[in-house]
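Raw contents of upload_22.txt, compact mmCIF, C-alpha atoms and all ligand atoms:
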# COMPACT_ATOMS: atom_id res chain seq x y z
CA MET V 1 10.34 -8.73 -19.34
CA LYS V 2 8.26 -10.53 -16.77
CA GLN V 3 4.61 -10.76 -17.75
CA VAL V 4 1.30 -12.07 -16.45
CA ILE V 5 -2.13 -12.33 -18.06
CA ILE V 6 -5.05 -11.27 -15.87
CA ALA V 7 -8.23 -12.85 -17.24
CA THR V 8 -10.46 -9.78 -16.89
CA LYS V 9 -12.25 -7.41 -19.24
CA ASN V 10 -12.70 -4.85 -16.47
CA ALA V 11 -10.57 -1.73 -17.05
CA GLY V 12 -10.67 -0.71 -13.37
CA LYS V 13 -9.36 -4.06 -12.16
CA THR V 14 -6.72 -4.00 -14.90
CA ARG V 15 -5.39 -0.60 -13.76
CA GLU V 16 -5.16 -1.81 -10.17
CA PHE V 17 -3.25 -4.97 -11.11
CA GLN V 18 -0.92 -2.90 -13.30
CA ALA V 19 -0.07 -0.61 -10.37
CA LEU V 20 0.23 -3.50 -7.88
CA LEU V 21 2.50 -5.55 -10.12
CA ALA V 22 4.61 -2.74 -11.58
CA LYS V 23 6.36 -2.72 -8.19
CA LYS V 24 7.53 -6.26 -8.91
CA GLY V 25 8.65 -5.36 -12.43
CA VAL V 26 5.83 -7.42 -13.92
CA GLU V 27 3.92 -6.25 -16.98
CA VAL V 28 0.17 -6.93 -16.87
CA LYS V 29 -1.82 -7.96 -19.92
CA SER V 30 -5.59 -8.19 -19.57
CA LEU V 31 -8.26 -9.53 -21.91
CA LEU V 32 -8.70 -5.93 -23.13
CA ASP V 33 -5.42 -6.56 -25.00
CA PHE V 34 -7.02 -9.57 -26.72
CA PRO V 35 -10.34 -8.37 -28.15
CA ASP V 36 -11.03 -11.71 -29.89
CA CYS V 37 -10.86 -13.85 -26.78
CA PRO V 38 -14.12 -15.59 -25.84
CA ASP V 39 -16.51 -14.57 -23.04
CA VAL V 40 -16.70 -16.92 -20.09
CA GLU V 41 -20.09 -17.38 -18.46
CA GLU V 42 -20.00 -16.79 -14.72
CA THR V 43 -22.30 -19.63 -13.70
CA GLY V 44 -20.74 -20.36 -10.30
CA SER V 45 -22.48 -19.67 -7.00
CA THR V 46 -19.35 -18.35 -5.25
CA PHE V 47 -16.59 -15.88 -6.11
CA ALA V 48 -14.07 -18.74 -6.00
CA GLU V 49 -16.06 -20.88 -8.44
CA ASN V 50 -16.36 -18.02 -10.91
CA ALA V 51 -12.68 -17.12 -10.62
CA ILE V 52 -11.80 -20.76 -11.36
CA LEU V 53 -14.14 -20.87 -14.38
CA LYS V 54 -12.55 -17.74 -15.86
CA ALA V 55 -8.95 -18.72 -15.08
CA GLU V 56 -9.19 -22.27 -16.41
CA ALA V 57 -10.97 -21.24 -19.62
CA MET V 58 -8.33 -18.59 -20.35
CA ALA V 59 -5.39 -20.84 -19.42
CA ARG V 60 -6.71 -23.29 -22.04
CA TYR V 61 -7.17 -20.47 -24.55
CA PHE V 62 -3.70 -18.93 -24.07
CA HIS V 63 -1.84 -22.19 -23.24
CA THR V 64 -0.17 -20.42 -20.36
CA THR V 65 -0.60 -19.38 -16.73
CA VAL V 66 -3.34 -16.84 -16.08
CA ILE V 67 -4.89 -15.20 -13.00
CA ALA V 68 -8.62 -14.47 -12.89
CA ASP V 69 -10.32 -12.11 -10.43
CA ASP V 70 -13.93 -12.57 -9.40
CA SER V 71 -15.05 -9.95 -6.95
CA GLY V 72 -18.07 -8.12 -5.63
CA LEU V 73 -19.85 -6.42 -2.78
CA ALA V 74 -21.75 -8.21 0.01
CA ILE V 75 -24.15 -6.05 2.05
CA ASP V 76 -25.35 -7.46 5.38
CA ALA V 77 -28.72 -5.65 5.36
CA LEU V 78 -29.36 -7.22 1.92
CA HIS V 79 -28.42 -10.73 3.13
CA GLY V 80 -25.15 -10.66 1.18
CA ARG V 81 -26.51 -9.21 -2.05
CA PRO V 82 -25.42 -8.17 -4.67
CA GLY V 83 -22.67 -10.76 -4.04
CA VAL V 84 -21.67 -12.78 -7.10
CA TYR V 85 -24.25 -10.80 -9.09
CA SER V 86 -22.54 -7.46 -8.34
CA ALA V 87 -21.59 -6.64 -11.95
CA ARG V 88 -25.08 -7.25 -13.33
CA TYR V 89 -27.12 -6.23 -10.29
CA ALA V 90 -29.22 -3.63 -12.15
CA GLY V 91 -29.17 -5.40 -15.53
CA GLU V 92 -27.10 -7.17 -18.15
CA GLU V 93 -25.41 -3.95 -19.33
CA LYS V 94 -23.15 -3.88 -16.23
CA ASP V 95 -23.74 -0.18 -15.53
CA ASP V 96 -21.91 1.01 -12.38
CA GLN V 97 -24.23 4.04 -11.91
CA LYS V 98 -27.37 1.92 -12.15
CA ASN V 99 -25.94 -0.69 -9.79
CA ILE V 100 -25.14 2.02 -7.23
CA ALA V 101 -28.61 3.56 -7.59
CA LYS V 102 -30.25 0.17 -7.02
CA VAL V 103 -28.24 -0.49 -3.85
CA LEU V 104 -28.97 2.98 -2.43
CA GLU V 105 -32.68 2.55 -3.15
CA GLU V 106 -32.75 -0.81 -1.39
CA LEU V 107 -30.95 0.64 1.65
CA LYS V 108 -33.19 3.71 1.96
CA GLY V 109 -33.93 4.38 5.62
CA VAL V 110 -31.37 1.85 6.90
CA PRO V 111 -29.19 3.58 9.54
CA LEU V 112 -25.41 3.72 9.13
CA GLU V 113 -24.64 1.12 11.80
CA LYS V 114 -26.74 -1.40 9.87
CA ARG V 115 -25.12 -0.61 6.50
CA THR V 116 -22.11 -2.87 7.05
CA ALA V 117 -20.65 -4.46 3.91
CA ARG V 118 -17.50 -5.97 2.48
CA PHE V 119 -15.78 -6.32 -0.83
CA HIS V 120 -14.70 -9.86 -1.68
CA CYS V 121 -11.98 -10.86 -4.09
CA ALA V 122 -11.20 -14.40 -5.24
CA LEU V 123 -8.11 -14.89 -7.39
CA ALA V 124 -7.66 -18.17 -9.25
CA VAL V 125 -4.34 -19.15 -10.81
CA ALA V 126 -4.67 -21.69 -13.60
CA ALA V 127 -2.07 -23.25 -15.87
CA PRO V 128 -2.31 -26.09 -18.40
CA GLY V 129 -1.71 -29.41 -16.65
CA ARG V 130 -1.58 -27.91 -13.16
CA ARG V 131 -4.02 -27.84 -10.28
CA THR V 132 -5.76 -24.48 -10.02
CA ALA V 133 -4.99 -22.45 -6.90
CA VAL V 134 -7.44 -20.01 -5.29
CA VAL V 135 -6.90 -17.29 -2.69
CA GLU V 136 -9.52 -14.95 -1.23
CA ALA V 137 -9.63 -11.74 0.78
CA THR V 138 -12.13 -9.14 1.95
CA CYS V 139 -12.22 -5.44 2.79
CA GLU V 140 -14.72 -4.23 5.42
CA GLY V 141 -16.73 -1.01 5.30
CA TYR V 142 -20.14 0.65 5.23
CA ILE V 143 -22.48 1.67 2.42
CA ALA V 144 -22.63 5.48 2.34
CA GLU V 145 -25.91 7.41 1.96
CA GLU V 146 -24.75 8.94 -1.34
CA PRO V 147 -21.92 8.50 -3.85
CA LYS V 148 -18.71 10.47 -3.24
CA GLY V 149 -15.36 10.57 -5.06
CA GLU V 150 -14.19 10.08 -8.63
CA ASN V 151 -11.47 7.43 -8.36
CA GLY V 152 -11.65 3.67 -8.66
CA PHE V 153 -14.56 1.87 -10.32
CA GLY V 154 -17.71 -0.11 -9.61
CA TYR V 155 -19.19 0.46 -6.16
CA ASP V 156 -16.22 2.51 -4.87
CA PRO V 157 -18.18 5.81 -4.60
CA ILE V 158 -20.62 4.31 -2.05
CA PHE V 159 -18.14 2.13 -0.12
CA TYR V 160 -17.12 4.02 3.02
CA VAL V 161 -13.80 2.92 4.54
CA PRO V 162 -13.94 3.74 8.27
CA GLN V 163 -10.19 3.72 8.93
CA LYS V 164 -9.68 6.33 6.18
CA GLY V 165 -12.83 8.40 6.86
CA LYS V 166 -13.48 8.43 3.11
CA THR V 167 -15.20 6.44 0.42
CA MET V 168 -13.06 4.09 -1.66
CA ALA V 169 -13.51 6.47 -4.62
CA GLU V 170 -12.00 9.33 -2.58
CA LEU V 171 -8.80 7.35 -1.99
CA SER V 172 -5.85 7.64 -4.36
CA LYS V 173 -4.94 4.56 -6.34
CA GLU V 174 -2.00 4.04 -3.99
CA GLU V 175 -4.20 4.29 -0.88
CA LYS V 176 -6.76 1.84 -2.29
CA ASN V 177 -3.99 -0.57 -3.20
CA GLN V 178 -2.78 -0.62 0.42
CA ILE V 179 -6.11 -1.81 1.83
CA SER V 180 -8.22 -3.37 -0.90
CA HIS V 181 -9.60 -6.90 -1.09
CA ARG V 182 -7.72 -7.25 -4.40
CA ALA V 183 -4.36 -6.17 -2.97
CA LYS V 184 -4.80 -8.47 0.06
CA ALA V 185 -5.69 -11.45 -2.13
CA LEU V 186 -2.72 -10.78 -4.42
CA ALA V 187 -0.40 -10.69 -1.39
CA LYS V 188 -1.55 -14.25 -0.60
CA LEU V 189 -0.05 -15.41 -3.91
CA GLU V 190 3.40 -14.17 -2.85
CA GLU V 191 4.88 -17.63 -2.29
CA GLN V 192 3.70 -18.92 -5.66
CA TRP V 193 4.85 -15.86 -7.51
CA ASP V 194 7.91 -17.35 -9.23
CA GLU V 195 5.72 -20.07 -10.78
CA ILE V 196 3.05 -17.62 -11.92
CA ILE V 197 5.01 -15.12 -13.95
CA ASN V 198 6.03 -15.77 -17.52
CA ASP V 199 9.44 -14.65 -18.72
CA LYS V 200 9.07 -12.98 -22.10
CA GLU V 201 12.13 -12.11 -24.17
O1 LIG X 1 -12.51 -2.82 -5.96
C1 LIG X 1 -13.71 -2.69 -6.28
N1 LIG X 1 -14.33 -1.50 -6.18
C2 LIG X 1 -15.59 -1.31 -6.56
N2 LIG X 1 -16.36 -2.28 -7.09
C3 LIG X 1 -15.78 -3.49 -7.21
C4 LIG X 1 -14.46 -3.75 -6.81
N3 LIG X 1 -14.18 -5.04 -7.05
C5 LIG X 1 -15.27 -5.57 -7.57
N4 LIG X 1 -16.24 -4.62 -7.68
C6 LIG X 1 -17.57 -4.79 -8.29
C7 LIG X 1 -17.55 -4.30 -9.71
C8 LIG X 1 -18.45 -5.26 -10.42
O2 LIG X 1 -19.80 -4.81 -10.25
C9 LIG X 1 -18.27 -6.55 -9.64
C10 LIG X 1 -17.18 -7.42 -10.21
O3 LIG X 1 -17.75 -8.41 -11.05
P1 LIG X 1 -16.75 -9.41 -11.83
O4 LIG X 1 -17.53 -10.39 -12.56
O5 LIG X 1 -15.72 -9.90 -10.85
O6 LIG X 1 -15.98 -8.44 -12.83
P2 LIG X 1 -16.38 -7.88 -14.26
O7 LIG X 1 -17.55 -8.62 -14.80
O8 LIG X 1 -16.49 -6.40 -14.18
O9 LIG X 1 -15.08 -8.20 -15.13
P3 LIG X 1 -14.40 -9.66 -15.39
O10 LIG X 1 -15.41 -10.71 -14.99
O11 LIG X 1 -14.08 -9.68 -16.84
O12 LIG X 1 -13.17 -9.70 -14.53
O13 LIG X 1 -17.91 -6.15 -8.33
MG MG X 2 -17.57 -10.67 -14.72

Can you present the structure in this file as structure tokens?
Ligand SMILES: O=c1nc[nH]c2c1ncn2[C@H]1C[C@H](O)[C@@H](COP(=O)(O)OP(=O)(O)OP(=O)(O)O)O1
Ligand SMILES: [Mg+2]
Amino acid sequence: MKQVIIATKNAGKTREFQALLAKKGVEVKSLLDFPDCPDVEETGSTFAENAILKAEAMARYFHTTVIADDSGLAIDALHGRPGVYSARYAGEEKDDQKNIAKVLEELKGVPLEKRTARFHCALAVAAPGRRTAVVEATCEGYIAEEPKGENGFGYDPIFYVPQKGKTMAELSKEEKNQISHRAKALAKLEEQWDEIINDKE
């Protein structure tokens, strides 16, 4: 069985990687499968730096190739915030509902055409004794006036995707995986794929 470790404790990201990589016959393990693994502090000032920090720490811990995802939402009217602070925007507890409420409060009265935003995803691939590779991608949209939809995770209920006429949380998993920042970044690893996967008996 082909396998890859994604260095994330986020269940939503994990589900998306599982769906994206099942097509390739690759089984995804995330850090949720390894409850004892250490926390990595996200002290970088960019998505790429944080992805590298997480990937390299976990490649050392597991002695094998891992992929880390650092992602978030950049809102133009908020000068790029919440950005790399997306997960903890409304506090250390990483509460999606509180993060959404904070963003909507800050955007009160801002008209739709000025609510432009994008999701960013940086993926770092680290392996012991190898140079770490990083790819990045974005997905453009608008911040809706109110949350809509039940699917996805994080800021999906307030991220309006113009070409679909829906919020990200109203898209099916398959639809999100055709357009998302995460799917686009993963596609950029295509050429390195044979070196990334681990063959498990
Ligand atoms: O597709 C997405 N749809 C909605 N929201 C999203 C998405 N992608 C990232 N986001 C938000 C969630 C979280 O507020 C932050 C990620 O923060 P980030 O540090 O990368 O992830 P995390 O702390 O949840 O898990 P981990 O670091 O273990 O991978 O951006
Ligand atoms: Mg994090």

Around (0.7, -27.7, -14.8), as given in the file, which residues come within 12 Å? Count all atoms listed in the file and list them as a PyMOL selection string. chain V and resi 56+59-60+63-66+125-133+195-196

Excluding same-chain residues fewer than 4 positions from Phe17 of chain V, what lies within 7 Å of it counting all atoms listed in the file, as a PyMOL selection string? chain V and resi 13+21+28

Give the centre and edge lengths of an axis-aligned box, in Å to one decimal, that holds all listed atoms of ligand LIG 1 (chain X) with 3 Å on each side, as JSON.
{"center_x": -16.2, "center_y": -6.0, "center_z": -11.4, "size_x": 13.3, "size_y": 15.4, "size_z": 16.9}

Distance query Arg88 of chain V at most 12 Å, only C-alpha atoms, self and fewer than 4 positions along chain excluded, as a count of residues only: 18

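Interatomic distance, atom CA of Ala122 of chain V to atom CA of Leu107 of chain V: 25.8 Å.
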
Residues within 9 Å of ligand LIG 1 (chain X), counting only C-alpha atoms and all ligand atoms: report them as a CSV table (one decimal) with C-alpha atoms, in the frame of the given file.
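Result written to pocket_6.csv:
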chain,number,residue,atom,x,y,z
V,6,ILE,CA,-5.0,-11.3,-15.9
V,7,ALA,CA,-8.2,-12.8,-17.2
V,8,THR,CA,-10.5,-9.8,-16.9
V,9,LYS,CA,-12.2,-7.4,-19.2
V,10,ASN,CA,-12.7,-4.8,-16.5
V,11,ALA,CA,-10.6,-1.7,-17.0
V,12,GLY,CA,-10.7,-0.7,-13.4
V,13,LYS,CA,-9.4,-4.1,-12.2
V,14,THR,CA,-6.7,-4.0,-14.9
V,16,GLU,CA,-5.2,-1.8,-10.2
V,31,LEU,CA,-8.3,-9.5,-21.9
V,39,ASP,CA,-16.5,-14.6,-23.0
V,40,VAL,CA,-16.7,-16.9,-20.1
V,41,GLU,CA,-20.1,-17.4,-18.5
V,42,GLU,CA,-20.0,-16.8,-14.7
V,47,PHE,CA,-16.6,-15.9,-6.1
V,50,ASN,CA,-16.4,-18.0,-10.9
V,51,ALA,CA,-12.7,-17.1,-10.6
V,54,LYS,CA,-12.6,-17.7,-15.9
V,68,ALA,CA,-8.6,-14.5,-12.9
V,69,ASP,CA,-10.3,-12.1,-10.4
V,70,ASP,CA,-13.9,-12.6,-9.4
V,71,SER,CA,-15.0,-10.0,-7.0
V,72,GLY,CA,-18.1,-8.1,-5.6
V,73,LEU,CA,-19.8,-6.4,-2.8
V,82,PRO,CA,-25.4,-8.2,-4.7
V,83,GLY,CA,-22.7,-10.8,-4.0
V,84,VAL,CA,-21.7,-12.8,-7.1
V,85,TYR,CA,-24.2,-10.8,-9.1
V,86,SER,CA,-22.5,-7.5,-8.3
V,87,ALA,CA,-21.6,-6.6,-12.0
V,88,ARG,CA,-25.1,-7.2,-13.3
V,89,TYR,CA,-27.1,-6.2,-10.3
V,94,LYS,CA,-23.2,-3.9,-16.2
V,95,ASP,CA,-23.7,-0.2,-15.5
V,96,ASP,CA,-21.9,1.0,-12.4
V,99,ASN,CA,-25.9,-0.7,-9.8
V,119,PHE,CA,-15.8,-6.3,-0.8
V,120,HIS,CA,-14.7,-9.9,-1.7
V,121,CYS,CA,-12.0,-10.9,-4.1
V,122,ALA,CA,-11.2,-14.4,-5.2
V,152,GLY,CA,-11.6,3.7,-8.7
V,153,PHE,CA,-14.6,1.9,-10.3
V,154,GLY,CA,-17.7,-0.1,-9.6
V,155,TYR,CA,-19.2,0.5,-6.2
V,156,ASP,CA,-16.2,2.5,-4.9
V,157,PRO,CA,-18.2,5.8,-4.6
V,158,ILE,CA,-20.6,4.3,-2.0
V,159,PHE,CA,-18.1,2.1,-0.1
V,168,MET,CA,-13.1,4.1,-1.7
V,169,ALA,CA,-13.5,6.5,-4.6
V,176,LYS,CA,-6.8,1.8,-2.3
V,180,SER,CA,-8.2,-3.4,-0.9
V,181,HIS,CA,-9.6,-6.9,-1.1
V,182,ARG,CA,-7.7,-7.2,-4.4

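Atom CA of Ile179 of chain V is found 9.9 Å from atom CA of Gln163 of chain V.
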